[in-house]
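Structure file protein-v4.cif; described as mmCIF, C-alpha atoms.
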```
data_target
loop_
_atom_site.group_PDB
_atom_site.id
_atom_site.type_symbol
_atom_site.label_atom_id
_atom_site.label_comp_id
_atom_site.auth_asym_id
_atom_site.auth_seq_id
_atom_site.Cartn_x
_atom_site.Cartn_y
_atom_site.Cartn_z
ATOM 1 C CA HIS A 16 7.694 -6.319 9.161
ATOM 2 C CA LYS A 17 4.369 -8.055 9.783
ATOM 3 C CA SER A 18 1.410 -6.144 11.131
ATOM 4 C CA THR A 19 -0.750 -7.449 13.929
ATOM 5 C CA ASN A 20 -3.723 -6.955 11.595
ATOM 6 C CA GLY A 21 -4.975 -9.671 9.306
ATOM 7 C CA PRO A 22 -4.900 -9.401 5.507
ATOM 8 C CA LEU A 23 -6.680 -6.310 4.237
ATOM 9 C CA LYS A 24 -10.032 -6.313 2.483
ATOM 10 C CA CYS A 25 -10.273 -6.994 -1.233
ATOM 11 C CA CYS A 26 -12.186 -3.723 -1.647
ATOM 12 C CA SER A 27 -9.654 -1.337 -0.148
ATOM 13 C CA PHE A 28 -7.225 1.392 -1.100
ATOM 14 C CA THR A 29 -4.438 -1.176 -1.221
ATOM 15 C CA ALA A 30 -6.390 -3.327 -3.682
ATOM 16 C CA LEU A 31 -6.936 -0.224 -5.826
ATOM 17 C CA ARG A 32 -3.213 0.540 -5.663
ATOM 18 C CA ILE A 33 -2.430 -2.984 -6.839
ATOM 19 C CA LEU A 34 -4.776 -2.582 -9.813
ATOM 20 C CA ILE A 35 -3.323 0.802 -10.768
ATOM 21 C CA SER A 36 0.237 -0.495 -10.351
ATOM 22 C CA THR A 37 -0.592 -3.296 -12.778
ATOM 23 C CA ILE A 38 -1.872 -0.811 -15.366
ATOM 24 C CA LEU A 39 1.168 1.409 -14.836
ATOM 25 C CA PHE A 40 3.511 -1.535 -15.263
ATOM 26 C CA LEU A 41 1.857 -2.468 -18.562
ATOM 27 C CA ASP A 42 1.914 1.160 -19.711
ATOM 28 C CA VAL A 43 5.623 1.601 -18.998
ATOM 29 C CA ALA A 44 6.374 -1.849 -20.446
ATOM 30 C CA ILE A 45 4.725 -0.823 -23.727
ATOM 31 C CA LEU A 46 6.645 2.454 -23.701
ATOM 32 C CA PHE A 47 9.912 0.632 -23.039
ATOM 33 C CA GLY A 48 9.226 -1.949 -25.734
ATOM 34 C CA TYR A 49 8.247 0.738 -28.215
ATOM 35 C CA GLY A 50 11.445 2.687 -27.545
ATOM 36 C CA THR A 51 13.569 -0.432 -27.847
ATOM 37 C CA TYR A 52 11.875 -1.319 -31.136
ATOM 38 C CA GLU A 53 12.472 2.148 -32.570
ATOM 39 C CA ASN A 54 16.085 2.149 -31.475
ATOM 40 C CA TYR A 55 16.737 -1.344 -32.829
ATOM 41 C CA TYR A 56 15.376 -0.535 -36.276
ATOM 42 C CA GLY A 57 16.940 2.916 -36.377
ATOM 43 C CA ILE A 58 13.647 4.776 -36.392
ATOM 44 C CA ASP A 59 14.706 6.954 -33.472
ATOM 45 C CA TYR A 60 18.398 7.366 -32.734
ATOM 46 C CA ASP A 61 17.849 9.036 -29.357
ATOM 47 C CA ASP A 62 18.220 6.136 -26.945
ATOM 48 C CA SER A 63 18.744 8.252 -23.824
ATOM 49 C CA TYR A 64 15.225 7.529 -22.575
ATOM 50 C CA ILE A 65 15.609 3.732 -22.720
ATOM 51 C CA PRO A 66 17.609 3.364 -19.460
ATOM 52 C CA GLY A 67 15.150 5.690 -17.722
ATOM 53 C CA ASN A 68 12.161 3.645 -18.861
ATOM 54 C CA GLU A 69 13.935 0.450 -17.857
ATOM 55 C CA ILE A 70 14.605 1.761 -14.351
ATOM 56 C CA LEU A 71 11.038 3.035 -14.081
ATOM 57 C CA LEU A 72 9.703 -0.349 -15.190
ATOM 58 C CA LEU A 73 11.763 -2.156 -12.555
ATOM 59 C CA ALA A 74 10.754 0.374 -9.891
ATOM 60 C CA ILE A 75 7.035 0.011 -10.593
ATOM 61 C CA GLY A 76 7.420 -3.767 -10.611
ATOM 62 C CA LEU A 77 9.088 -3.565 -7.204
ATOM 63 C CA VAL A 78 6.357 -1.250 -5.917
ATOM 64 C CA PHE A 79 3.745 -3.706 -7.162
ATOM 65 C CA GLY A 80 5.407 -6.481 -5.162
ATOM 66 C CA LEU A 81 5.640 -4.294 -2.056
ATOM 67 C CA THR A 82 1.976 -3.310 -2.347
ATOM 68 C CA VAL A 83 0.876 -6.938 -2.623
ATOM 69 C CA ALA A 84 3.052 -7.819 0.373
ATOM 70 C CA SER A 85 1.567 -4.904 2.330
ATOM 71 C CA ARG A 86 -1.933 -6.193 1.695
ATOM 72 C CA LYS A 87 -1.078 -9.750 2.739
ATOM 73 C CA ARG A 88 0.726 -8.590 5.872
ATOM 74 C CA GLY A 89 -2.041 -6.211 6.876
ATOM 75 C CA LEU A 90 0.011 -3.013 6.625
ATOM 76 C CA VAL A 91 -2.541 -0.226 6.370
ATOM 77 C CA THR A 92 -0.149 2.396 5.007
ATOM 78 C CA SER A 93 3.426 2.838 3.781
ATOM 79 C CA GLY A 94 5.514 5.989 3.957
ATOM 80 C CA VAL A 95 8.028 4.549 1.497
ATOM 81 C CA LEU A 96 5.406 4.056 -1.208
ATOM 82 C CA PHE A 97 3.927 7.492 -0.553
ATOM 83 C CA ASN A 98 7.340 9.108 -1.047
ATOM 84 C CA PHE A 99 7.862 7.076 -4.225
ATOM 85 C CA TRP A 100 4.614 8.273 -5.816
ATOM 86 C CA LEU A 101 5.258 11.816 -4.631
ATOM 87 C CA LEU A 102 8.663 11.762 -6.325
ATOM 88 C CA LEU A 103 7.178 10.459 -9.582
ATOM 89 C CA ALA A 104 4.423 13.076 -9.477
ATOM 90 C CA VAL A 105 6.837 15.960 -8.925
ATOM 91 C CA CYS A 106 9.405 14.778 -11.477
ATOM 92 C CA GLY A 107 6.768 13.920 -14.073
ATOM 93 C CA PHE A 108 4.923 17.242 -13.971
ATOM 94 C CA PRO A 109 7.335 19.163 -16.274
ATOM 95 C CA GLU A 110 7.164 16.413 -18.891
ATOM 96 C CA PHE A 111 3.382 16.237 -18.565
ATOM 97 C CA ARG A 112 3.087 19.986 -19.069
ATOM 98 C CA TYR A 113 5.505 19.932 -22.009
ATOM 99 C CA LYS A 114 3.760 17.069 -23.808
ATOM 100 C CA LEU A 115 0.322 18.556 -23.251
ATOM 101 C CA SER A 116 1.474 21.981 -24.439
ATOM 102 C CA SER A 117 3.103 20.464 -27.534
ATOM 103 C CA TYR A 118 -0.079 18.609 -28.363
ATOM 104 C CA MET A 119 -2.321 21.629 -27.848
ATOM 105 C CA ASN A 120 -0.086 23.928 -29.926
ATOM 106 C CA MET A 121 0.702 21.400 -32.634
ATOM 107 C CA GLU A 122 0.266 22.666 -36.175
ATOM 108 C CA ASP A 123 -0.993 20.592 -39.071
ATOM 109 C CA GLU A 124 2.372 20.431 -40.826
ATOM 110 C CA ASN A 125 4.028 19.061 -37.676
ATOM 111 C CA GLU A 126 1.393 16.445 -37.026
ATOM 112 C CA LYS A 127 3.247 13.707 -38.907
ATOM 113 C CA ASP A 128 6.350 14.232 -36.736
ATOM 114 C CA PHE A 129 4.425 14.105 -33.475
ATOM 115 C CA ASP A 130 4.770 10.846 -31.545
ATOM 116 C CA PHE A 131 1.155 10.150 -30.651
ATOM 117 C CA LEU A 132 1.829 6.768 -29.039
ATOM 118 C CA ARG A 133 4.278 8.203 -26.519
ATOM 119 C CA PHE A 134 1.881 11.055 -25.850
ATOM 120 C CA TYR A 135 -1.107 8.798 -25.180
ATOM 121 C CA LEU A 136 0.930 6.426 -23.035
ATOM 122 C CA PHE A 137 2.182 9.293 -20.902
ATOM 123 C CA MET A 138 -1.312 10.785 -20.650
ATOM 124 C CA VAL A 139 -2.389 7.465 -19.139
ATOM 125 C CA TYR A 140 0.716 7.137 -16.978
ATOM 126 C CA TYR A 141 0.792 10.509 -15.231
ATOM 127 C CA PRO A 142 -2.859 10.711 -14.058
ATOM 128 C CA LEU A 143 -2.509 7.196 -12.649
ATOM 129 C CA VAL A 144 0.571 8.318 -10.726
ATOM 130 C CA LEU A 145 -1.479 11.173 -9.256
ATOM 131 C CA ILE A 146 -4.224 8.728 -8.288
ATOM 132 C CA GLN A 147 -1.638 6.508 -6.610
ATOM 133 C CA LEU A 148 -0.332 9.508 -4.705
ATOM 134 C CA PHE A 149 -3.869 10.436 -3.642
ATOM 135 C CA THR A 150 -4.757 6.941 -2.437
ATOM 136 C CA SER A 151 -1.453 6.739 -0.556
ATOM 137 C CA CYS A 152 -2.659 9.610 1.617
ATOM 138 C CA PHE A 153 -5.228 7.294 3.216
ATOM 139 C CA ALA A 154 -4.688 4.304 5.453
ATOM 140 C CA ASP A 155 -6.695 1.134 4.948
ATOM 141 C CA THR A 156 -9.035 -0.322 7.527
ATOM 142 C CA PRO A 157 -8.145 -3.800 8.825
ATOM 143 C CA LYS A 158 -10.682 -6.580 8.457
ATOM 144 C CA TYR A 159 -11.712 -6.497 12.100
ATOM 145 C CA ASN A 160 -15.352 -5.415 12.410
ATOM 146 C CA ILE A 161 -18.674 -6.547 13.852
ATOM 147 C CA THR A 162 -19.506 -8.710 10.828
ATOM 148 C CA PHE A 163 -16.688 -11.167 11.687
ATOM 149 C CA ASN A 164 -15.726 -11.394 7.992
ATOM 150 C CA TRP A 165 -12.106 -11.551 9.146
ATOM 151 C CA PHE A 166 -12.804 -15.066 10.428
ATOM 152 C CA THR A 167 -14.102 -16.478 7.127
ATOM 153 C CA GLY A 168 -10.705 -17.300 5.640
ATOM 154 C CA MET A 169 -9.508 -18.967 8.822
ATOM 155 C CA ALA A 170 -12.718 -21.003 9.103
ATOM 156 C CA ILE A 171 -12.343 -22.264 5.532
ATOM 157 C CA LYS A 172 -8.704 -23.144 6.135
ATOM 158 C CA GLY A 173 -9.623 -24.920 9.378
ATOM 159 C CA HIS A 174 -12.299 -26.905 7.547
ATOM 160 C CA ARG A 175 -9.771 -28.106 4.974
ATOM 161 C CA ARG A 176 -7.021 -29.021 7.430
ATOM 162 C CA PRO A 177 -6.138 -28.674 11.115
ATOM 163 C CA LEU A 178 -4.971 -25.170 11.938
ATOM 164 C CA GLU A 179 -1.358 -24.587 12.886
ATOM 165 C CA PRO A 180 -0.047 -21.829 15.180
ATOM 166 C CA GLU A 181 1.376 -20.098 12.093
ATOM 167 C CA ASP A 182 -2.148 -19.803 10.653
ATOM 168 C CA LEU A 183 -3.273 -17.592 13.518
ATOM 169 C CA TRP A 184 -2.720 -13.856 13.567
ATOM 170 C CA ASP A 185 -0.692 -12.193 16.261
ATOM 171 C CA LEU A 186 -2.691 -10.396 18.908
ATOM 172 C CA ASN A 187 -2.454 -6.678 19.366
ATOM 173 C CA GLU A 188 -0.047 -5.847 22.164
ATOM 174 C CA ARG A 189 -2.897 -4.518 24.302
ATOM 175 C CA ASP A 190 -4.705 -7.870 23.963
ATOM 176 C CA THR A 191 -1.820 -10.159 24.932
ATOM 177 C CA SER A 192 -1.948 -12.034 28.226
ATOM 178 C CA LYS A 193 1.305 -10.408 29.312
ATOM 179 C CA HIS A 194 -0.169 -6.937 29.002
ATOM 180 C CA LEU A 195 -3.540 -7.904 30.463
ATOM 181 C CA LEU A 196 -1.975 -9.796 33.359
ATOM 182 C CA GLU A 197 0.091 -6.793 34.389
ATOM 183 C CA LYS A 198 -2.979 -4.584 34.226
ATOM 184 C CA PHE A 199 -5.075 -7.122 36.121
ATOM 185 C CA GLN A 200 -2.390 -7.604 38.783
ATOM 186 C CA LYS A 201 -2.126 -3.871 39.334
ATOM 187 C CA ASN A 202 -5.879 -3.486 39.771
ATOM 188 C CA TRP A 203 -6.046 -6.609 41.925
ATOM 189 C CA ASP A 204 -3.317 -5.359 44.252
ATOM 190 C CA GLU A 205 -5.120 -2.040 44.622
ATOM 191 C CA HIS A 206 -8.348 -3.869 45.400
ATOM 192 C CA LEU A 207 -6.640 -6.063 48.007
ATOM 193 C CA LEU A 208 -5.070 -3.032 49.632
ATOM 194 C CA LYS A 209 -8.429 -1.295 49.921
ATOM 195 C CA SER A 210 -10.035 -4.485 51.216
ATOM 196 C CA ARG A 211 -7.389 -4.927 53.914
ATOM 197 C CA LYS A 212 -7.778 -1.336 55.027
ATOM 198 C CA PHE A 213 -11.525 -1.815 55.278
ATOM 199 C CA GLU A 214 -11.116 -5.051 57.270
ATOM 200 C CA SER A 215 -8.627 -3.340 59.555
ATOM 201 C CA ILE A 216 -11.127 -0.598 60.315
ATOM 202 C CA GLU A 217 -13.863 -3.146 61.063
ATOM 203 C CA ASP A 218 -11.618 -5.214 63.337
ATOM 204 C CA ASN A 219 -10.399 -2.173 65.214
ATOM 205 C CA PRO A 220 -13.322 0.206 65.471
ATOM 206 C CA ARG A 221 -12.755 3.539 67.115
ATOM 207 C CA PRO A 222 -13.957 3.787 70.760
#
```

Do you think you could lay out the structure here as structure tokens?
Amino acid sequence: HKSTNGPLKCCSFTALRILISTILFLDVAILFGYGTYENYYGIDYDDSYIPGNEILLLAIGLVFGLTVASRKRGLVTSGVLFNFWLLLAVCGFPEFRYKLSSYMNMEDENEKDFDFLRFYLFMVYYPLVLIQLFTSCFADTPKYNITFNWFTGMAIKGHRRPLEPEDLWDLNERDTSKHLLEKFQKNWDEHLLKSRKFESIEDNPRP
């Protein structure tokens, strides 16, 4: 689906989501690589989390692509992405609480068995998920405003080469000639009807 809006601003919620998605992807990639390394060298024999991290890595990569596409296509919001971050936030809360509680109640003799890298990576991951969920609650503002900054990119492209019809954005439905013509025709017919009634009264005045 392509919005009738132009590409969104660089300084927007969508741009922030792209940045956070990049950090999340790197965070989960490190976590996945760390788990794979431990499993390969027999440091940690519990490999049940590896498929989960792999799926999460692919999902965040897909979300990153969808967010970039949303920005280019001018989509100001996405219910699918909101539901995705909401699901991660809800499902990740028990693990966040467990890891934080384990860290806070950790005793000195258990410190050497505590996996600090996983803890720190998750402490970065979960707050970023909450930020993504928060920013997904707001829709972006298209680039149309009184400063005409929406025209800059098109002007530069037109300076470099002749513009093609594909370079132009679609009009809003209310601004299309089809919609305006119907509205104009309706008003014009009403005006003609009133004018004819007025002329009829003038031509046939009452005695």

Could you make a table, as a tab-separated table, of the residues of segment 85-199 of chain A that have an atom within 9 Å of an atom of segment 31-36 of chain A, each with its nearest atom pair and distance in Å to one decimal, counting only C-alpha atoms, in chain and number order?
```
residue	atom	partner	partner_atom	distance
A:Leu143	CA	A:Ile35	CA	6.7
A:Val144	CA	A:Ile35	CA	8.5
A:Ile146	CA	A:Ile35	CA	8.4
A:Gln147	CA	A:Arg32	CA	6.2
A:Thr150	CA	A:Arg32	CA	7.3
A:Ser151	CA	A:Arg32	CA	8.2
```

- Evaluate the PyMOL selection byres ((chain A and resi 114) around 12) here and jot the selected residues down as JSON, numbers by chain. {"A": [107, 108, 109, 110, 111, 112, 113, 115, 116, 117, 118, 119, 120, 121, 129, 130, 131, 132, 133, 134, 135, 136, 137, 138, 141]}

- Task: Take atom CA of Thr37 of chain A and atom CA of Ile75 of chain A and report the distance between them in Å, one decimal.
- Result: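 Going from atom CA of Thr37 of chain A over to atom CA of Ile75 of chain A covers 8.6 Å.
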
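If you look at atom CA of Pro180 of chain A and atom CA of Val83 of chain A, they are 23.2 Å away from each other.
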
- Message: Between atom CA of Thr29 of chain A and atom CA of Thr82 of chain A, what is the distance in Å, rounded to a tenth?
- Response: 6.9 Å

- Task: Give me the residues within 10 Å of Tyr49 of chain A as a list of chain:residue names, counting only C-alpha atoms and dropping any in the same chain fewer than 4 places off.
- Result: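 The neighbour list is A:Val43, A:Ala44, A:Ile45, A:Glu53, A:Asn54, A:Tyr55, A:Ile65, A:Leu132, A:Arg133.
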